[in-house]
Amino acid sequence: MPESIAANRRPLTKPSPRAAASLLCLAYLSSPAAAATEPEAGAATALPAIVVTDPHDTSKHAAARRSNPTRTGAGRVTARADQKPAAGVGAGAPTAAQAALDGKMQGFDQSRDHLLPKTGASSTTIDRATIQALPQGDNTPVDKLVLEFPGVNSDSAVSNPSFHVRGEYANVQTRINGLVLPEGVSGLGPVIDTSFIGSISLLTGTLPAQYGGRTAGVLDITSRSFSTPGGSVSVYGGSHGTITPSFDYGGSVGDTQYFVTGRGNWNSLGLENPTSSIDALHDHTGQGKFFGYVSTLLSDTTRLSIISGASYSKFQIPNNPNQTPLGDFGPANYSSTNLNENEVDQYYFNMVALQTKGDVIDTQVSVFSRYAKVHFIPDVFGDLVFNDVASDVVRESQMVGSQFDASWQANGSHTVRFGYLVTAEKTNVANVSTVLPVDPVTGAISPTPFTITDTNALLGWNIGTYLQDEWKLTRQLTFNFGLRFDQLYQYVDANQFSPRAALVYKPFDGTTLHAGYARYFTPPMQAQAAQANLPLFTNTTNQPEVGLSDPVKPERSHYFDVGIDQKLLPGLEIGVDAYYKIATDQIDDGQFGQAVVLTQFNWAHGTSEGIEGKFKYTNGDFTAHGSLAFNKTRAIGPESNQYVLDAATYTYLLSNYHYTDDMQMFTGVLGGSYRRDNMVFSLDMKYGSGLPNGFANSGFNQPYFTANVGVAREIQAMPGAKPLTVRFDVVNLFDKIYEIRDGSGIGVFAPQYGARRGFFAGLSQKL
């Protein structure tokens with residue numbers, strides 16, 4: 001805390017009326033309002049009324065207890081009297097009551113930020129203006145939006161999510177307005193939509209103690225909000241039969257602000273094409289997403305917020321033509337283009353949060369619930385022809401939980417934070433497999449299918465609590481240290497005390513150095529860690545080569561991170577961050593079999609190391625950002641759910657390190673936009689050196705480079721009407737043919753190619 005703010009804790013001396021009047025006059029004359037009404041030379045100047053308040057009246061000092069800067073780029077869409085309406089809102093200036101409410105809401109937002117700081121972590125933020133300036137704008141799926149962050153590489157949708165942070169599997173948590181979004185059960189595609197995001201930050205490295213569970217990265221999202229009624233209705237579409245209508249609307253009534261958004265999406269390229277052709281076979285998807293947010297003031301120190309969301313998606317699983325039947329069942333010349341596999345994914349969540357802010361203590365407590373279900377529906381006949389097994393898989397999960405965070409500003413040097421997160425999850429996993437019998441002596445396969453039902457139900461608990469102190473050693477040096485304790489009751493019971501420590505040093509204006517250490521405890525995803533009943537499949541075509549199914553354990557790791565952020569020139573910021581991780585029982589996952597679901601398992605030991613560089617530049621109406629990252633993640637020794645591996649791979653990996661299937665050695669991003677009058681031109685380019693492939697991930701897929709471009713223009717469709725935005729985008733401008741996966745490697749079932757060149761257009765009318 002700056003010393004000037006810390007002084008607010010000391011007894012105040014009552015100023016003289018003359019001194020108070022002088023200070024008030026000076027403050028008024030330096031304010032924007034005074035500047036806007038400065039009289040011409042020679043004109044009479046009317047002095048404002050002077051009111052002297054009792055400095056010992058603590059009710060007047062609450063807002064001055066800490067120096068929280070005004071949030072920039074956080075997505076709060078406002079239109080106060082002293083600024084123009086934010087682009088894209090279509091709302092006029094707020095009334096005095098609306099402006100006052102918005103000011104109070106921003107005060108609560110700043111208090112919430114004070115609860116959950118990012119001290120010691122590496123952080124990169126994308127604000128709403130940057131999102132809208134990207135090719136496709138709000139139509140960019142969240143899993144594609146996060147590829148703008150340094151160290152995030154792309155994967156296919158079946159990897160769920162279709163991105164990896166610093167070479168790790170899906171070890172990423174999402175928070176909305178500080179609240180943990182409960183994870184799903186391995187569905188296809190993101191469950192939230194980009195249009196509700198006000199700003200999104202990616203936190204990596206050595207996270208403070210309040211961040212537990214998924215620790216490769218934290219997607220910290222602030223939702224949009226409106227001080228005056230406004231929104232938009234849009235339609236977007238183009239190549240691959242894409243049509244995606246959407247709407248959003250928000251405003252305020254009394255002491256309440258609200259925001260709702262919804263989107264539908266229908267196209268014929270729901271998942272990546274297993275061939276290099278422009279259009280895929282049997283790849284239609286229909287998706288619907290909704291998000292709602294209501295926040296109301298119960299008093300000047302208490303706010304109640306309700307967040308709800310829903311996602312429902314249907315996917316056809318694309319067919320890979322010219323596959324050869326195994327010959328154990330059905331005709332010898334059956335065409336793989338006739339397969340009809342499908343998947344239905346559902347996700348619904350509700351959160352209720354009560355936030356308080358005071359002179360020295362801030363709190364937020366929440367309760368939440370989540371229901372998620374994934375159902376893979378096989379083509380029983382066709383899957384038997386090509387795989388000798390057809391699996392109808394259901395993964396269903398109900399979760400309830402509570403989160404609490406508190407911050408106590410003990411004095412000018414110490415801010416103590418503590419809290420907990422508790423979840424109870426009931427999972428039901430069912431696999432109805434249609435298999436063929438195998439003679440135990442001769443190995444002959446009989447073409448007489450029968451079904452085996454393997455079910456697994458579990459009520460699991462995950463409990464985490466933390467205590468930490470942010471200690472300002474000097475005005476330039478901050479030491480944040482804490483201790484976290486996690487207890488897991490799942491397929492195994494385990495716990496761990498996890499110390500965290502980080503130093504942040506700001507020797508000069510515009511220079512920030514950080515270095516830290518974190519001990520992490522990462523639990524498995526309960527639905528993906530479900531154990532199989534292997535004896536059920538003895539003497540069938542679904543009997544594994546490796547007959548071991550040890551339970552999946554939590555990952556334990558030591559993490560080291562050091563970095564620097566520097567403002568070089570006006571408008572230019574750069575950053576460099578390096579990290580090293582040592583893991584025991586390292587968690588990984590993959591698709592093993594034709595069912596498009598993931599199964600988790602452990603490696604005995606693993607390491608991850610890398611370095612990232614990034615920059616951001618702003619000059620008037622021109623902005624640019626970019627990053628280049630290197631990562632090497634390796635592991636050895638399969639030690640849980642071993643049955644997912646074939647015998648040769650299992651034996652080799654017992655004593656040999658390999659590259660994990662989600663790492664990409666080099667990842668690059670370069671993007672920018674330029675605004676001229678009512679038009680925005682944008683360019684976004686991605687580079688990837690290729691994901692691992694081959695036996696035991698001994699090779700890599702070919703490197704690739706893609707570019708997307710877009711242009712958007714705001715026009716006045718009719719006199720007096722609010723603006724209409726017209727946009728046109730080209731995805732994969734140079735029609736680069738590149739393979740994300742080639743069908744080989746650990747946990748890879750089929751090839752996946754990146755989307756070919758596509759043309760898209762959209763209309764968005766402000767309301």
# chains A, B, ... in the order shown; residues from 1 in each chain; ligands from 1

call {"tool": "residues_around", "arguments": {"residues": "region 350-366 of chain A", "least_positions_apart": "2", "cutoff": "7 Å", "atoms": "only C-alpha atoms", "output": "ChimeraX atom specification"}}
result
/A:62,65,111,115,301-309,368-370,402-409

call {"tool": "residues_around", "arguments": {"residues": "region 194-199 of chain A", "least_positions_apart": "5", "cutoff": "9 Å", "atoms": "only C-alpha atoms", "output": "PyMOL selection string"}}
result
chain A and resi 73-77+125-129+131+137-142+145+220-225+246-248+259-263+291-292

call {"tool": "closest_atom_pairs", "arguments": {"of": "region 179-249 of chain A", "to": "region 605-621 of chain A", "cutoff": "12 Å", "atoms": "only C-alpha atoms", "output": "JSON lines"}}
result
{"residue": "A:Thr204", "atom": "CA", "partner": "A:Glu612", "partner_atom": "CA", "distance": 11.1}
{"residue": "A:Gly205", "atom": "CA", "partner": "A:Gly610", "partner_atom": "CA", "distance": 10.9}
{"residue": "A:Ala216", "atom": "CA", "partner": "A:Ser608", "partner_atom": "CA", "distance": 10.8}

call {"tool": "residues_around", "arguments": {"residues": "Ala750 (chain A)", "least_positions_apart": "6", "cutoff": "10 Å", "atoms": "only C-alpha atoms", "output": "PyMOL selection string"}}
result
chain A and resi 158+273-275+319-320+591+593-594+741-744

call {"tool": "residues_around", "arguments": {"residues": "Pro723 (chain A)", "least_positions_apart": "4", "cutoff": "6 Å", "atoms": "only C-alpha atoms", "output": "list in words"}}
result
Ile715, Gln716 and Lys766 of chain A

call {"tool": "write_last_selection", "arguments": {"atoms": "N, CA and C atoms", "output": "PDB file, in the first residue's frame"}}
result
ATOM      1  N   ILE A 715     -22.531   2.082 -39.540  1.00  0.00           N
ATOM      2  CA  ILE A 715     -23.262   2.970 -40.436  1.00  0.00           C
ATOM      3  C   ILE A 715     -24.571   3.389 -39.784  1.00  0.00           C
ATOM      4  N   GLN A 716     -25.113   4.484 -40.277  1.00  0.00           N
ATOM      5  CA  GLN A 716     -26.419   4.955 -39.843  1.00  0.00           C
ATOM      6  C   GLN A 716     -27.443   4.423 -40.835  1.00  0.00           C
ATOM      7  N   LYS A 766     -27.526  -1.994 -32.924  1.00  0.00           N
ATOM      8  CA  LYS A 766     -27.550  -1.538 -31.534  1.00  0.00           C
ATOM      9  C   LYS A 766     -28.975  -1.211 -31.117  1.00  0.00           C
TER      10      LYS A 766
END

call {"tool": "residues_around", "arguments": {"residues": "Ser413 (chain A)", "least_positions_apart": "2", "cutoff": "7 Å", "atoms": "only C-alpha atoms", "output": "list in words"}}
result
Met1, Asn411, Thr415, Trp471, Lys472 and Leu473 of chain A

call {"tool": "atom_distance", "arguments": {"atom1": "CA of Asp577 (chain A)", "atom2": "CA of Met665 (chain A)"}}
result
15.7 Å

call {"tool": "select_by_dssp", "arguments": {"residues": "region 486-704 of chain A", "states": "alpha helix (DSSP H)", "output": "list of chain:residue names"}}
result
A:Ala647, A:Ala648, A:Thr649, A:Tyr650, A:Thr651, A:Tyr652, A:Leu653

call {"tool": "select_by_dssp", "arguments": {"residues": "region 373-517 of chain A", "states": "strand (DSSP E or B)", "output": "VMD selection string"}}
result
chain A and resid 373 to 377 389 to 409 414 to 435 437 to 438 445 450 to 472 477 to 489 493 to 505 511 to 517

call {"tool": "write_last_selection", "arguments": {"atoms": "C-alpha atoms", "output": "mmCIF file, in the first residue's frame"}}
result
data_model
loop_
_atom_site.group_PDB
_atom_site.id
_atom_site.type_symbol
_atom_site.label_atom_id
_atom_site.label_comp_id
_atom_site.auth_asym_id
_atom_site.auth_seq_id
_atom_site.Cartn_x
_atom_site.Cartn_y
_atom_site.Cartn_z
ATOM 1 C CA LYS A 373 -23.808 -34.423 -18.989
ATOM 2 C CA VAL A 374 -22.031 -35.907 -21.995
ATOM 3 C CA HIS A 375 -23.625 -38.679 -24.046
ATOM 4 C CA PHE A 376 -21.699 -40.307 -26.875
ATOM 5 C CA ILE A 377 -24.059 -42.280 -29.132
ATOM 6 C CA VAL A 389 -16.485 -52.604 -30.254
ATOM 7 C CA ALA A 390 -19.213 -49.970 -30.000
ATOM 8 C CA SER A 391 -19.369 -47.901 -26.793
ATOM 9 C CA ASP A 392 -22.412 -45.947 -25.656
ATOM 10 C CA VAL A 393 -20.916 -43.647 -23.009
ATOM 11 C CA VAL A 394 -22.752 -41.405 -20.530
ATOM 12 C CA ARG A 395 -20.944 -39.133 -18.095
ATOM 13 C CA GLU A 396 -23.225 -37.246 -15.757
ATOM 14 C CA SER A 397 -22.274 -34.976 -12.876
ATOM 15 C CA GLN A 398 -24.030 -32.856 -10.280
ATOM 16 C CA MET A 399 -21.941 -30.464 -8.215
ATOM 17 C CA VAL A 400 -22.718 -28.077 -5.370
ATOM 18 C CA GLY A 401 -20.275 -25.934 -3.485
ATOM 19 C CA SER A 402 -19.384 -22.803 -1.614
ATOM 20 C CA GLN A 403 -16.578 -20.266 -1.955
ATOM 21 C CA PHE A 404 -15.462 -17.643 0.546
ATOM 22 C CA ASP A 405 -12.747 -15.016 0.254
ATOM 23 C CA ALA A 406 -11.843 -12.272 2.725
ATOM 24 C CA SER A 407 -9.269 -9.507 2.882
ATOM 25 C CA TRP A 408 -8.179 -7.717 6.051
ATOM 26 C CA GLN A 409 -6.027 -4.630 5.705
ATOM 27 C CA HIS A 414 0.169 -5.964 5.713
ATOM 28 C CA THR A 415 -2.943 -7.199 3.920
ATOM 29 C CA VAL A 416 -4.080 -10.600 5.162
ATOM 30 C CA ARG A 417 -6.304 -12.758 2.961
ATOM 31 C CA PHE A 418 -8.017 -16.052 3.740
ATOM 32 C CA GLY A 419 -10.818 -18.208 2.421
ATOM 33 C CA TYR A 420 -12.046 -21.612 1.350
ATOM 34 C CA LEU A 421 -13.574 -23.517 -1.567
ATOM 35 C CA VAL A 422 -15.628 -26.668 -0.928
ATOM 36 C CA THR A 423 -17.298 -28.813 -3.601
ATOM 37 C CA ALA A 424 -19.330 -32.006 -3.469
ATOM 38 C CA GLU A 425 -19.664 -33.850 -6.783
ATOM 39 C CA LYS A 426 -21.831 -36.874 -7.597
ATOM 40 C CA THR A 427 -20.777 -38.571 -10.839
ATOM 41 C CA ASN A 428 -22.472 -41.369 -12.733
ATOM 42 C CA VAL A 429 -20.389 -42.913 -15.506
ATOM 43 C CA ALA A 430 -21.885 -45.654 -17.676
ATOM 44 C CA ASN A 431 -20.337 -47.493 -20.604
ATOM 45 C CA VAL A 432 -22.623 -49.881 -22.481
ATOM 46 C CA SER A 433 -20.232 -51.715 -24.797
ATOM 47 C CA THR A 434 -21.304 -53.946 -27.639
ATOM 48 C CA VAL A 435 -18.450 -56.422 -28.144
ATOM 49 C CA PRO A 437 -16.517 -62.843 -28.037
ATOM 50 C CA VAL A 438 -12.908 -64.056 -28.313
ATOM 51 C CA ILE A 445 -13.332 -63.850 -32.878
ATOM 52 C CA PHE A 450 -23.383 -58.947 -27.087
ATOM 53 C CA THR A 451 -23.456 -56.042 -24.621
ATOM 54 C CA ILE A 452 -21.600 -55.392 -21.378
ATOM 55 C CA THR A 453 -22.644 -52.621 -18.994
ATOM 56 C CA ASP A 454 -19.919 -51.036 -16.860
ATOM 57 C CA THR A 455 -21.204 -48.413 -14.409
ATOM 58 C CA ASN A 456 -19.455 -46.310 -11.817
ATOM 59 C CA ALA A 457 -21.007 -43.893 -9.295
ATOM 60 C CA LEU A 458 -19.150 -41.792 -6.744
ATOM 61 C CA LEU A 459 -19.755 -38.905 -4.359
ATOM 62 C CA GLY A 460 -16.483 -37.012 -4.064
ATOM 63 C CA TRP A 461 -15.386 -34.031 -1.995
ATOM 64 C CA ASN A 462 -12.745 -31.409 -2.673
ATOM 65 C CA ILE A 463 -11.887 -29.031 0.179
ATOM 66 C CA GLY A 464 -9.376 -26.197 0.000
ATOM 67 C CA THR A 465 -8.487 -23.375 2.371
ATOM 68 C CA TYR A 466 -5.759 -20.745 2.427
ATOM 69 C CA LEU A 467 -4.146 -17.974 4.474
ATOM 70 C CA GLN A 468 -1.723 -15.430 3.045
ATOM 71 C CA ASP A 469 -0.141 -12.072 3.772
ATOM 72 C CA GLU A 470 0.755 -9.391 1.238
ATOM 73 C CA TRP A 471 3.615 -7.580 2.935
ATOM 74 C CA LYS A 472 4.820 -4.273 1.496
ATOM 75 C CA LEU A 477 9.042 -4.181 -2.964
ATOM 76 C CA THR A 478 6.150 -6.512 -2.066
ATOM 77 C CA PHE A 479 6.433 -9.995 -0.587
ATOM 78 C CA ASN A 480 3.334 -12.180 -0.893
ATOM 79 C CA PHE A 481 3.481 -15.443 1.009
ATOM 80 C CA GLY A 482 0.838 -17.919 2.027
ATOM 81 C CA LEU A 483 -0.094 -21.475 2.855
ATOM 82 C CA ARG A 484 -2.808 -23.555 1.241
ATOM 83 C CA PHE A 485 -4.283 -26.851 2.414
ATOM 84 C CA ASP A 486 -6.232 -29.192 0.110
ATOM 85 C CA GLN A 487 -8.108 -32.355 1.048
ATOM 86 C CA LEU A 488 -9.436 -34.728 -1.621
ATOM 87 C CA TYR A 489 -11.943 -37.545 -1.101
ATOM 88 C CA ASP A 493 -8.060 -39.870 -0.428
ATOM 89 C CA ALA A 494 -5.170 -37.424 -0.320
ATOM 90 C CA ASN A 495 -4.144 -34.049 1.067
ATOM 91 C CA GLN A 496 -1.302 -31.553 0.964
ATOM 92 C CA PHE A 497 -0.036 -28.354 2.563
ATOM 93 C CA SER A 498 1.155 -26.049 -0.231
ATOM 94 C CA PRO A 499 3.369 -23.044 0.529
ATOM 95 C CA ARG A 500 3.374 -20.131 -1.934
ATOM 96 C CA ALA A 501 5.774 -17.178 -2.021
ATOM 97 C CA ALA A 502 6.440 -14.367 -4.499
ATOM 98 C CA LEU A 503 8.420 -11.132 -4.652
ATOM 99 C CA VAL A 504 7.274 -8.197 -6.785
ATOM 100 C CA TYR A 505 9.762 -5.369 -7.294
ATOM 101 C CA THR A 511 9.161 -1.642 -14.571
ATOM 102 C CA THR A 512 7.845 -4.677 -12.695
ATOM 103 C CA LEU A 513 9.881 -7.751 -11.816
ATOM 104 C CA HIS A 514 8.433 -10.845 -10.180
ATOM 105 C CA ALA A 515 9.835 -14.139 -8.943
ATOM 106 C CA GLY A 516 8.043 -16.871 -7.085
ATOM 107 C CA TYR A 517 7.658 -20.443 -5.936
#

call {"tool": "residues_around", "arguments": {"residues": "region 752-762 of chain A", "least_positions_apart": "6", "cutoff": "10 Å", "atoms": "only C-alpha atoms", "output": "PyMOL selection string"}}
result
chain A and resi 135-136+139+154-158+234-240+242-245+269+271-280+318+320+704+706-708+710-712+725-743

call {"tool": "residues_around", "arguments": {"residues": "region 668-676 of chain A", "least_positions_apart": "6", "cutoff": "6 Å", "atoms": "only C-alpha atoms", "output": "PDB file with C-alpha atoms, in the first residue's frame"}}
result
ATOM      1  CA  ASP A 621      -6.176   4.342 -33.504  1.00  0.00           C
ATOM      2  CA  PHE A 622      -3.590   1.608 -34.097  1.00  0.00           C
ATOM      3  CA  THR A 623      -3.053  -1.323 -31.707  1.00  0.00           C
ATOM      4  CA  ALA A 624      -0.877  -4.423 -31.978  1.00  0.00           C
ATOM      5  CA  HIS A 625      -0.023  -7.381 -29.783  1.00  0.00           C
ATOM      6  CA  GLY A 626       2.117 -10.457 -30.129  1.00  0.00           C
ATOM      7  CA  SER A 627       3.941 -13.235 -28.334  1.00  0.00           C
ATOM      8  CA  LEU A 628       6.407 -16.057 -28.903  1.00  0.00           C
ATOM      9  CA  SER A 682      -7.913  -6.213 -38.212  1.00  0.00           C
ATOM     10  CA  LEU A 683      -5.317  -8.924 -38.784  1.00  0.00           C
ATOM     11  CA  ASP A 684      -4.517 -11.946 -36.627  1.00  0.00           C
ATOM     12  CA  MET A 685      -1.784 -14.521 -37.323  1.00  0.00           C
ATOM     13  CA  LYS A 686      -0.871 -17.767 -35.553  1.00  0.00           C
ATOM     14  CA  TYR A 687       2.174 -20.034 -35.728  1.00  0.00           C
TER      15      TYR A 687
END
